[in-house]
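A quick write-up on the structure given underneath.
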Amino acid sequence: FESNDYVGGKIMSFNNKGYRWDMGPSLFTMPQYINELFELFGENPRDHFNYKKKEIVCNYFWEDGTIFSAKSDPSTFANEVSQTFNVDSGVITDYMKESKLKYDLTAPIFLEKSIHRWSTYFSLATLKALLNSFRLNLFESLHQFNQRRLSDKKLIQFFNRFATYNGSSPYKTPGIMSMIPHLEMGLGTYFPKGGMHQISQSLYRLALSKGAKFSLSCPVTEIIHNKGNISGVMASGQIHKCDLIICNMDIYATYQRPLKNVKKPQKILKQERSSSALIFYWGIKRTFNELDLHNILFSESYEEEFEHIFKKKTIIDDPTIYINISSKEEKIDAPEGHENWFVMINCPINSNQDWYQIKSEARKNIIKKINRKLNVDIEEYIEVEEILDPVKIE
C-alpha cells in the first residue's frame, strides 16, 4: 500500500524542460545488496540493473581556495591527501585501515543479520566485536577522534563530514562513525545506469514479476491491532487482513499516525531526531569542468554550522553545500551543454519555523557561496528552478 501515485518513496525522479533530477538519496554504495535481491530469485542482476564505479568519489572546495578531488583508489587517495594537506600518507593509510576494521567488526551484526534475533547476539561475530569494542571509539565524538588522529583542520573537516550520512553532528556522534569513509573509498562509490531512480524501479519490476501486488494512491491510515497482536491495515477506507506487516515509514511518524492508539516507546520517540535537508533542483545553461557527480563546498566554521542546525534550529549564513550533477554520468539528464544541479544543504528538523523565509535566505547565501567558489554569477545560468514544499520538511 503506497500513499503516492508512484513507487519508490524518497528514491524518485522528475522531469522539466529537458532536465531530469533524482530526488532524495544521491550517493550509491554497497551495490552487492541490490544484486542479492535479484540473485535470491535466480535472476542475473545485470539483466535488470546496472551501474559503474566512480574513479572520482567527490570534489571538495574550501574557503581558502583549496580544492581536493578524492579518488576511489586507496593508494592514490592517501598519496594525494598527503600532497594536498601536507600529512604523511601513512597516517591516512592507517586511518583507512581503522575505518575498515570498524566496518568489518560491525557489519556482520548490524547490516547482515537481524538485531531482533537472539542468535545475532550469541554469535562469533558479536563476540569478536565485543572483544574489540575498545577499537570502536564509542566514548569519544567523531570530531574528537579525528582531531586526535589528524593535524590539518581542513582534513579534520573532511572526515567530520561523514557524520551527516545519517543526519548526525560530528561533534556529538560517536567515533565509530569513522567507519563510513571505508564505504566510500574502500568499497567504492557507484552510479546506477539511469540514475538513482532505477534502484527503486528495478526492484519494483522484480517484485511485479514475482507476483507482488501494489496499491498506489492508497495510504494506510491505521494499523489494526488488538492486545498486542496485529491483524491488518485500514487503507483507503477498507480493512485488509494480514499475517505480517512491514512498515517503512519513519518510526516517529508511524507512532503519530497509523499506530497512534498504542502505548508509545517514549524513550525512543524523545530521542533527538536527525537533521533534515533543503534541496533546490536547478537546470543550468552551461557546464562546469571543475565539478563532477558529487561536489562539496565547505563552510568556514563547521562547528558553528552544526550549532545552528541542532541547537538553534536554523541555518547558518555560510552553509556547507552539496551539489550532485547526474548529467555528468547520464548525459540525457540535461540538454546538451547544460547540467542538472541537485543543490542541498543540511537543515534542522521541522519545529514550526518560517520555512519560506528560511528557504529565501538560504537561497541567497547558497548563490553567494557558489559565485565565490566558482567565480561565476550562477543566477545567469539557472534556466529551471524547483523546490519541494519546505513546510513538509520533517
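By convention in this document, the chains of the C-alpha cells carry letters A, B, ... by their order, each chain's residues are numbered from 1, and ligands are numbered from 1 in the order they are shown.
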Write out as a ChimeraX atom specification the residues lying within 7 Å of segment 52-62 of chain A, counting only C-alpha atoms and excluding same-chain residues fewer than 2 positions away. /A:64-72,188-192,291-292,294-298
Closest atom pairs, residues of segment 177-270 of chain A within 9 Å of segment 39-49 of chain A, only C-alpha atoms, as CSV:
residue,atom,partner,partner_atom,distance
A:Pro192,CA,A:Phe49,CA,7.6
A:Lys193,CA,A:Phe49,CA,7.5
A:Gln198,CA,A:Phe49,CA,7.3
A:Ile199,CA,A:Phe49,CA,7.5
A:Ser202,CA,A:His48,CA,6.2
A:Leu203,CA,A:His48,CA,8.7
A:Arg205,CA,A:His48,CA,8.6
A:Leu206,CA,A:His48,CA,8.2
A:Lys210,CA,A:Phe41,CA,8.4
Keeping N, CA and C atoms for every residue in the selection just given, could you write it to a file as a PDB file, in the first residue's frame?
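Output (again_39.pdb):
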ATOM      1  N   PRO A 192      24.255   4.420 -10.676  1.00  0.00           N
ATOM      2  CA  PRO A 192      23.357   3.481 -11.367  1.00  0.00           C
ATOM      3  C   PRO A 192      23.013   3.991 -12.762  1.00  0.00           C
ATOM      4  N   LYS A 193      23.044   3.108 -13.741  1.00  0.00           N
ATOM      5  CA  LYS A 193      22.635   3.481 -15.093  1.00  0.00           C
ATOM      6  C   LYS A 193      21.162   3.892 -15.058  1.00  0.00           C
ATOM      7  N   GLN A 198      16.552   4.315 -10.686  1.00  0.00           N
ATOM      8  CA  GLN A 198      16.485   2.937 -11.184  1.00  0.00           C
ATOM      9  C   GLN A 198      16.683   1.901 -10.082  1.00  0.00           C
ATOM     10  N   ILE A 199      17.184   2.298  -8.923  1.00  0.00           N
ATOM     11  CA  ILE A 199      17.264   1.352  -7.803  1.00  0.00           C
ATOM     12  C   ILE A 199      15.860   0.904  -7.431  1.00  0.00           C
ATOM     13  N   SER A 202      13.879  -0.805 -10.611  1.00  0.00           N
ATOM     14  CA  SER A 202      14.278  -2.173 -10.960  1.00  0.00           C
ATOM     15  C   SER A 202      13.732  -3.168  -9.946  1.00  0.00           C
ATOM     16  N   LEU A 203      13.718  -2.776  -8.667  1.00  0.00           N
ATOM     17  CA  LEU A 203      13.176  -3.657  -7.628  1.00  0.00           C
ATOM     18  C   LEU A 203      11.656  -3.764  -7.755  1.00  0.00           C
ATOM     19  N   ARG A 205      10.010  -3.641 -10.605  1.00  0.00           N
ATOM     20  CA  ARG A 205       9.762  -4.564 -11.713  1.00  0.00           C
ATOM     21  C   ARG A 205      10.023  -6.003 -11.290  1.00  0.00           C
ATOM     22  N   LEU A 206      11.055  -6.229 -10.485  1.00  0.00           N
ATOM     23  CA  LEU A 206      11.337  -7.573  -9.972  1.00  0.00           C
ATOM     24  C   LEU A 206      10.167  -8.071  -9.132  1.00  0.00           C
ATOM     25  N   LYS A 210       7.477 -11.331  -9.776  1.00  0.00           N
ATOM     26  CA  LYS A 210       7.384 -12.454  -8.845  1.00  0.00           C
ATOM     27  C   LYS A 210       6.033 -12.510  -8.142  1.00  0.00           C
TER      28      LYS A 210
END
From the DSSP assignment of the backbone, select every residue of segment 44-265 of chain A that is alpha helix (DSSP H), and format the answer as a PyMOL selection string. chain A and resi 74-85+89-110+118-121+124-131+142-149+153-160+180-181+197-209+251-256
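Counting only C-alpha atoms, Gly8 of chain A has the following residues at most 9 Å away, ignoring those fewer than 3 positions along the same chain: Ile11, Met12, His197, Ile199, Ser200, Gln201 and Tyr204 of chain A.
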Write out, as a PDB file, in the first residue's frame, the residues just selected, with N, CA and C atoms.
ATOM      1  N   ILE A  11      13.194   7.671  -3.190  1.00  0.00           N
ATOM      2  CA  ILE A  11      14.033   7.458  -4.378  1.00  0.00           C
ATOM      3  C   ILE A  11      13.152   7.622  -5.616  1.00  0.00           C
ATOM      4  N   MET A  12      12.922   8.876  -5.989  1.00  0.00           N
ATOM      5  CA  MET A  12      12.038   9.214  -7.097  1.00  0.00           C
ATOM      6  C   MET A  12      12.753  10.207  -8.005  1.00  0.00           C
ATOM      7  N   HIS A 197      17.033   6.688  -9.377  1.00  0.00           N
ATOM      8  CA  HIS A 197      15.644   6.257  -9.511  1.00  0.00           C
ATOM      9  C   HIS A 197      15.537   4.791  -9.926  1.00  0.00           C
ATOM     10  N   ILE A 199      17.184   2.298  -8.923  1.00  0.00           N
ATOM     11  CA  ILE A 199      17.264   1.352  -7.803  1.00  0.00           C
ATOM     12  C   ILE A 199      15.860   0.904  -7.431  1.00  0.00           C
ATOM     13  N   SER A 200      14.994   1.870  -7.177  1.00  0.00           N
ATOM     14  CA  SER A 200      13.623   1.519  -6.774  1.00  0.00           C
ATOM     15  C   SER A 200      12.834   0.919  -7.939  1.00  0.00           C
ATOM     16  N   GLN A 201      13.036   1.455  -9.142  1.00  0.00           N
ATOM     17  CA  GLN A 201      12.238   0.975 -10.271  1.00  0.00           C
ATOM     18  C   GLN A 201      12.598  -0.451 -10.675  1.00  0.00           C
ATOM     19  N   TYR A 204      11.021  -2.691  -8.171  1.00  0.00           N
ATOM     20  CA  TYR A 204       9.567  -2.708  -8.407  1.00  0.00           C
ATOM     21  C   TYR A 204       9.238  -3.701  -9.520  1.00  0.00           C
TER      22      TYR A 204
END
Selected residue of minimal separation from Met177 of chain A among A:Met23, A:Val343, A:Ala253, A:Leu101, counting only C-alpha atoms: A:Leu101
Find the spatial neighbours of Trp21 of chain A, counting only C-alpha atoms, within a cut-off of 12 Å - ignore same-chain residues fewer than 5 positions away - and output them as an NGL selection string. :A and (11-16 or 26 or 194-197 or 279-283 or 324-327 or 330 or 332-334 or 339-343 or 384-387)
Give me the residues within 12 Å of Ile251 of chain A as a ChimeraX atom specification, counting only C-alpha atoms and dropping any in the same chain fewer than 6 places off. /A:257-260,264-266,268-271,273
Just-selected residues, all heavy atoms written as an mmCIF file, in the first residue's frame:
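What ended up in again-v8.cif:
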data_model
loop_
_atom_site.group_PDB
_atom_site.id
_atom_site.type_symbol
_atom_site.label_atom_id
_atom_site.label_comp_id
_atom_site.auth_asym_id
_atom_site.auth_seq_id
_atom_site.Cartn_x
_atom_site.Cartn_y
_atom_site.Cartn_z
ATOM 1 N N ARG A 257 0.744 8.492 13.501
ATOM 2 C CA ARG A 257 -0.346 8.314 12.529
ATOM 3 C C ARG A 257 -0.959 6.917 12.599
ATOM 4 O O ARG A 257 -1.895 6.706 13.352
ATOM 5 C CB ARG A 257 0.163 8.681 11.126
ATOM 6 C CG ARG A 257 0.615 10.156 11.072
ATOM 7 C CD ARG A 257 1.355 10.470 9.793
ATOM 8 N NE ARG A 257 2.065 11.744 9.890
ATOM 9 C CZ ARG A 257 2.959 12.170 9.018
ATOM 10 N NH1 ARG A 257 3.263 11.428 7.976
ATOM 11 N NH2 ARG A 257 3.568 13.328 9.174
ATOM 12 N N PRO A 258 -0.452 5.919 11.841
ATOM 13 C CA PRO A 258 -1.164 4.625 11.814
ATOM 14 C C PRO A 258 -1.144 3.856 13.120
ATOM 15 O O PRO A 258 -1.989 2.996 13.339
ATOM 16 C CB PRO A 258 -0.447 3.852 10.701
ATOM 17 C CG PRO A 258 0.882 4.476 10.584
ATOM 18 C CD PRO A 258 0.684 5.922 10.902
ATOM 19 N N LEU A 259 -0.196 4.157 14.023
ATOM 20 C CA LEU A 259 -0.141 3.454 15.310
ATOM 21 C C LEU A 259 -0.353 4.424 16.475
ATOM 22 O O LEU A 259 0.213 4.248 17.551
ATOM 23 C CB LEU A 259 1.210 2.749 15.471
ATOM 24 C CG LEU A 259 1.309 1.320 14.941
ATOM 25 C CD1 LEU A 259 2.704 0.766 15.174
ATOM 26 C CD2 LEU A 259 0.274 0.404 15.575
ATOM 27 N N LYS A 260 -1.201 5.411 16.264
ATOM 28 C CA LYS A 260 -1.353 6.453 17.282
ATOM 29 C C LYS A 260 -2.077 5.978 18.538
ATOM 30 O O LYS A 260 -1.977 6.608 19.588
ATOM 31 C CB LYS A 260 -2.073 7.662 16.692
ATOM 32 C CG LYS A 260 -3.469 7.374 16.152
ATOM 33 C CD LYS A 260 -4.033 8.618 15.471
ATOM 34 C CE LYS A 260 -5.391 8.329 14.846
ATOM 35 N NZ LYS A 260 -5.909 9.524 14.135
ATOM 36 N N LYS A 264 3.168 4.196 23.373
ATOM 37 C CA LYS A 264 4.317 4.587 22.574
ATOM 38 C C LYS A 264 5.634 4.328 23.310
ATOM 39 O O LYS A 264 5.704 4.495 24.526
ATOM 40 C CB LYS A 264 4.213 6.064 22.194
ATOM 41 C CG LYS A 264 3.006 6.376 21.306
ATOM 42 C CD LYS A 264 2.883 7.862 21.049
ATOM 43 C CE LYS A 264 1.786 8.153 20.049
ATOM 44 N NZ LYS A 264 0.499 7.585 20.414
ATOM 45 N N PRO A 265 6.689 3.971 22.573
ATOM 46 C CA PRO A 265 8.027 3.814 23.173
ATOM 47 C C PRO A 265 8.630 5.199 23.413
ATOM 48 O O PRO A 265 9.408 5.710 22.600
ATOM 49 C CB PRO A 265 8.800 3.020 22.118
ATOM 50 C CG PRO A 265 8.145 3.406 20.824
ATOM 51 C CD PRO A 265 6.702 3.630 21.141
ATOM 52 N N GLN A 266 8.249 5.818 24.514
ATOM 53 C CA GLN A 266 8.591 7.210 24.761
ATOM 54 C C GLN A 266 10.095 7.472 24.731
ATOM 55 O O GLN A 266 10.554 8.520 24.254
ATOM 56 C CB GLN A 266 8.011 7.659 26.106
ATOM 57 C CG GLN A 266 6.487 7.684 26.148
ATOM 58 C CD GLN A 266 5.884 8.695 25.178
ATOM 59 O OE1 GLN A 266 6.557 9.615 24.733
ATOM 60 N NE2 GLN A 266 4.616 8.520 24.852
ATOM 61 N N ILE A 268 12.348 6.107 22.927
ATOM 62 C CA ILE A 268 12.797 6.187 21.537
ATOM 63 C C ILE A 268 12.291 7.464 20.883
ATOM 64 O O ILE A 268 13.036 8.186 20.218
ATOM 65 C CB ILE A 268 12.323 4.953 20.737
ATOM 66 C CG1 ILE A 268 13.036 3.693 21.237
ATOM 67 C CG2 ILE A 268 12.569 5.143 19.243
ATOM 68 C CD1 ILE A 268 12.563 2.426 20.584
ATOM 69 N N LEU A 269 11.014 7.767 21.085
ATOM 70 C CA LEU A 269 10.413 8.915 20.417
ATOM 71 C C LEU A 269 10.941 10.248 20.933
ATOM 72 O O LEU A 269 10.855 11.263 20.243
ATOM 73 C CB LEU A 269 8.886 8.865 20.551
ATOM 74 C CG LEU A 269 8.218 7.654 19.896
ATOM 75 C CD1 LEU A 269 6.702 7.745 20.038
ATOM 76 C CD2 LEU A 269 8.585 7.565 18.421
ATOM 77 N N LYS A 270 11.472 10.259 22.152
ATOM 78 C CA LYS A 270 12.020 11.501 22.708
ATOM 79 C C LYS A 270 13.477 11.719 22.324
ATOM 80 O O LYS A 270 14.045 12.770 22.615
ATOM 81 C CB LYS A 270 11.873 11.499 24.231
ATOM 82 C CG LYS A 270 10.436 11.720 24.699
ATOM 83 C CD LYS A 270 10.348 11.724 26.219
ATOM 84 C CE LYS A 270 8.904 11.977 26.673
ATOM 85 N NZ LYS A 270 8.794 11.952 28.158
ATOM 86 N N GLN A 271 14.070 10.712 21.710
ATOM 87 C CA GLN A 271 15.451 10.875 21.280
ATOM 88 C C GLN A 271 15.546 11.961 20.210
ATOM 89 O O GLN A 271 14.608 12.176 19.437
ATOM 90 C CB GLN A 271 15.990 9.557 20.719
ATOM 91 C CG GLN A 271 16.221 8.488 21.773
ATOM 92 C CD GLN A 271 16.697 7.182 21.175
ATOM 93 O OE1 GLN A 271 16.637 6.987 19.971
ATOM 94 N NE2 GLN A 271 17.148 6.270 22.021
ATOM 95 N N ARG A 273 16.028 13.791 16.947
ATOM 96 C CA ARG A 273 15.915 13.338 15.566
ATOM 97 C C ARG A 273 17.074 13.868 14.729
ATOM 98 O O ARG A 273 17.726 14.843 15.079
ATOM 99 C CB ARG A 273 14.575 13.786 14.976
ATOM 100 C CG ARG A 273 13.410 12.909 15.439
ATOM 101 C CD ARG A 273 12.110 13.394 14.873
ATOM 102 N NE ARG A 273 11.576 14.510 15.662
ATOM 103 C CZ ARG A 273 10.609 15.311 15.230
ATOM 104 N NH1 ARG A 273 10.099 15.136 14.033
ATOM 105 N NH2 ARG A 273 10.169 16.278 15.997
#
Between A:Glu63, A:Glu140, A:Glu222, A:Asp318, which one has atoms that come closest to Val262 of chain A, using only C-alpha atoms?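 Residue with the minimum atom-to-atom distance to Val262 of chain A: A:Glu222.
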Can you check which residues of segment 191-306 of chain A DSSP gives as strand (DSSP E) on the backbone and send them as an mmCIF file with N, CA, C and O atoms, in the first residue's frame?
data_model
loop_
_atom_site.group_PDB
_atom_site.id
_atom_site.type_symbol
_atom_site.label_atom_id
_atom_site.label_comp_id
_atom_site.auth_asym_id
_atom_site.auth_seq_id
_atom_site.Cartn_x
_atom_site.Cartn_y
_atom_site.Cartn_z
ATOM 1 N N PHE A 191 27.542 4.749 -9.668
ATOM 2 C CA PHE A 191 26.429 5.478 -10.280
ATOM 3 C C PHE A 191 25.541 4.492 -11.025
ATOM 4 O O PHE A 191 26.026 3.774 -11.901
ATOM 5 N N PRO A 192 24.255 4.420 -10.676
ATOM 6 C CA PRO A 192 23.357 3.481 -11.367
ATOM 7 C C PRO A 192 23.013 3.991 -12.762
ATOM 8 O O PRO A 192 22.723 5.182 -12.937
ATOM 9 N N VAL A 220 -2.192 4.078 4.036
ATOM 10 C CA VAL A 220 -2.621 3.333 5.224
ATOM 11 C C VAL A 220 -2.882 4.344 6.337
ATOM 12 O O VAL A 220 -1.987 5.086 6.744
ATOM 13 N N THR A 221 -4.108 4.385 6.806
ATOM 14 C CA THR A 221 -4.473 5.340 7.850
ATOM 15 C C THR A 221 -4.408 4.724 9.245
ATOM 16 O O THR A 221 -4.339 5.434 10.236
ATOM 17 N N GLU A 222 -4.425 3.378 9.304
ATOM 18 C CA GLU A 222 -4.384 2.727 10.617
ATOM 19 C C GLU A 222 -3.827 1.320 10.498
ATOM 20 O O GLU A 222 -4.141 0.585 9.554
ATOM 21 N N ILE A 223 -2.963 0.959 11.436
ATOM 22 C CA ILE A 223 -2.535 -0.433 11.584
ATOM 23 C C ILE A 223 -3.413 -1.035 12.665
ATOM 24 O O ILE A 223 -3.406 -0.585 13.812
ATOM 25 N N ILE A 224 -4.197 -2.017 12.303
ATOM 26 C CA ILE A 224 -5.195 -2.578 13.211
ATOM 27 C C ILE A 224 -4.538 -3.591 14.143
ATOM 28 O O ILE A 224 -3.789 -4.467 13.702
ATOM 29 N N HIS A 225 -4.853 -3.457 15.426
ATOM 30 C CA HIS A 225 -4.211 -4.314 16.417
ATOM 31 C C HIS A 225 -5.177 -4.560 17.577
ATOM 32 O O HIS A 225 -6.128 -3.810 17.816
ATOM 33 N N ASN A 226 -4.898 -5.620 18.310
ATOM 34 C CA ASN A 226 -5.705 -5.957 19.483
ATOM 35 C C ASN A 226 -4.853 -6.775 20.448
ATOM 36 O O ASN A 226 -4.323 -7.822 20.077
ATOM 37 N N ASN A 229 -1.448 -7.833 19.263
ATOM 38 C CA ASN A 229 -1.373 -8.582 18.011
ATOM 39 C C ASN A 229 -1.891 -7.738 16.850
ATOM 40 O O ASN A 229 -2.929 -7.092 16.958
ATOM 41 N N ILE A 230 -1.159 -7.776 15.747
ATOM 42 C CA ILE A 230 -1.554 -7.025 14.552
ATOM 43 C C ILE A 230 -2.373 -7.944 13.657
ATOM 44 O O ILE A 230 -2.023 -9.111 13.448
ATOM 45 N N SER A 231 -3.476 -7.403 13.114
ATOM 46 C CA SER A 231 -4.351 -8.245 12.296
ATOM 47 C C SER A 231 -4.593 -7.694 10.896
ATOM 48 O O SER A 231 -5.140 -8.380 10.045
ATOM 49 N N GLY A 232 -4.217 -6.423 10.651
ATOM 50 C CA GLY A 232 -4.453 -5.881 9.321
ATOM 51 C C GLY A 232 -4.206 -4.394 9.268
ATOM 52 O O GLY A 232 -3.686 -3.797 10.216
ATOM 53 N N VAL A 233 -4.585 -3.805 8.142
ATOM 54 C CA VAL A 233 -4.435 -2.366 7.968
ATOM 55 C C VAL A 233 -5.725 -1.776 7.409
ATOM 56 O O VAL A 233 -6.488 -2.451 6.713
ATOM 57 N N MET A 234 -5.950 -0.516 7.723
ATOM 58 C CA MET A 234 -7.030 0.254 7.117
ATOM 59 C C MET A 234 -6.402 1.107 6.030
ATOM 60 O O MET A 234 -5.524 1.932 6.300
ATOM 61 N N ALA A 235 -6.806 0.895 4.794
ATOM 62 C CA ALA A 235 -6.256 1.634 3.663
ATOM 63 C C ALA A 235 -7.379 2.058 2.731
ATOM 64 O O ALA A 235 -8.177 1.213 2.299
ATOM 65 N N GLN A 238 -10.862 0.794 3.625
ATOM 66 C CA GLN A 238 -11.139 -0.638 3.675
ATOM 67 C C GLN A 238 -10.144 -1.344 4.588
ATOM 68 O O GLN A 238 -8.977 -0.950 4.681
ATOM 69 N N ILE A 239 -10.627 -2.396 5.262
ATOM 70 C CA ILE A 239 -9.761 -3.198 6.114
ATOM 71 C C ILE A 239 -9.165 -4.338 5.293
ATOM 72 O O ILE A 239 -9.877 -5.049 4.584
ATOM 73 N N HIS A 240 -7.874 -4.505 5.393
ATOM 74 C CA HIS A 240 -7.173 -5.582 4.694
ATOM 75 C C HIS A 240 -6.481 -6.436 5.748
ATOM 76 O O HIS A 240 -5.558 -5.976 6.424
ATOM 77 N N LYS A 241 -6.946 -7.682 5.902
ATOM 78 C CA LYS A 241 -6.371 -8.575 6.896
ATOM 79 C C LYS A 241 -5.026 -9.114 6.419
ATOM 80 O O LYS A 241 -4.801 -9.291 5.227
ATOM 81 N N SER A 276 17.678 17.401 8.786
ATOM 82 C CA SER A 276 16.943 17.235 7.537
ATOM 83 C C SER A 276 17.754 17.889 6.416
ATOM 84 O O SER A 276 18.955 18.107 6.562
ATOM 85 N N ALA A 277 17.092 18.213 5.324
ATOM 86 C CA ALA A 277 17.802 18.825 4.194
ATOM 87 C C ALA A 277 16.881 19.753 3.431
ATOM 88 O O ALA A 277 15.666 19.540 3.364
ATOM 89 N N LEU A 278 17.462 20.778 2.881
ATOM 90 C CA LEU A 278 16.759 21.703 1.997
ATOM 91 C C LEU A 278 17.387 21.540 0.622
ATOM 92 O O LEU A 278 18.612 21.654 0.477
ATOM 93 N N ILE A 279 16.575 21.243 -0.387
ATOM 94 C CA ILE A 279 17.101 20.889 -1.705
ATOM 95 C C ILE A 279 16.501 21.782 -2.789
ATOM 96 O O ILE A 279 15.291 21.975 -2.846
ATOM 97 N N PHE A 280 17.380 22.312 -3.629
ATOM 98 C CA PHE A 280 16.976 23.053 -4.820
ATOM 99 C C PHE A 280 17.347 22.220 -6.045
ATOM 100 O O PHE A 280 18.427 21.624 -6.085
ATOM 101 N N TYR A 281 16.471 22.195 -7.033
ATOM 102 C CA TYR A 281 16.753 21.493 -8.290
ATOM 103 C C TYR A 281 16.875 22.555 -9.379
ATOM 104 O O TYR A 281 15.892 23.204 -9.726
ATOM 105 N N TRP A 282 18.093 22.721 -9.904
ATOM 106 C CA TRP A 282 18.343 23.770 -10.881
ATOM 107 C C TRP A 282 18.750 23.179 -12.226
ATOM 108 O O TRP A 282 19.588 22.284 -12.296
ATOM 109 N N GLY A 283 18.172 23.721 -13.288
ATOM 110 C CA GLY A 283 18.639 23.446 -14.639
ATOM 111 C C GLY A 283 19.615 24.537 -15.013
ATOM 112 O O GLY A 283 19.251 25.713 -15.039
ATOM 113 N N ILE A 284 20.874 24.175 -15.279
ATOM 114 C CA ILE A 284 21.949 25.141 -15.508
ATOM 115 C C ILE A 284 22.316 25.184 -16.994
ATOM 116 O O ILE A 284 22.609 24.140 -17.593
ATOM 117 N N HIS A 294 29.646 14.261 -7.643
ATOM 118 C CA HIS A 294 29.484 14.679 -6.248
ATOM 119 C C HIS A 294 30.455 15.822 -5.945
ATOM 120 O O HIS A 294 31.649 15.723 -6.253
ATOM 121 N N ASN A 295 29.937 16.878 -5.317
ATOM 122 C CA ASN A 295 30.750 18.050 -5.013
ATOM 123 C C ASN A 295 30.340 18.638 -3.671
ATOM 124 O O ASN A 295 29.146 18.708 -3.368
ATOM 125 N N ILE A 296 31.347 19.043 -2.865
ATOM 126 C CA ILE A 296 31.096 19.644 -1.552
ATOM 127 C C ILE A 296 31.791 21.000 -1.471
ATOM 128 O O ILE A 296 33.002 21.095 -1.713
ATOM 129 N N LEU A 297 31.030 22.031 -1.128
ATOM 130 C CA LEU A 297 31.578 23.355 -0.871
ATOM 131 C C LEU A 297 31.475 23.591 0.634
ATOM 132 O O LEU A 297 30.379 23.847 1.158
#
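Minimum atom-to-atom distances from A:Ser299, A:Phe288, A:Lys227, A:Ser351 to Asn365 of chain A were compared using only C-alpha atoms, and the lowest value belongs to A:Ser299.
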Identify, on the basis of only C-alpha atoms, every residue whose closest approach to Ser133 of chain A does not exceed 10 Å; exclude the query and any residue fewer than 6 positions from it along the same chain; express the result as a list in words.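 Neighbouring residues, sequence-local ones excluded: Lys102, Leu105, Thr106, Leu127 and Ile176 of chain A.
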Point-to-point distance in Å for atom CA of Pro181 of chain A and atom CA of Phe306 of chain A: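 If I compute the distance from atom CA of Phe306 of chain A to atom CA of Pro181 of chain A, I get 19.9 Å.
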So that I can see what lies close to Met249 of chain A, please list as a PyMOL selection string the residues with an atom at most 12 Å from it, counting only C-alpha atoms and leaving out residues fewer than 3 positions away in the same chain. chain A and resi 1-3+9-10+219-220+245-246+252-259
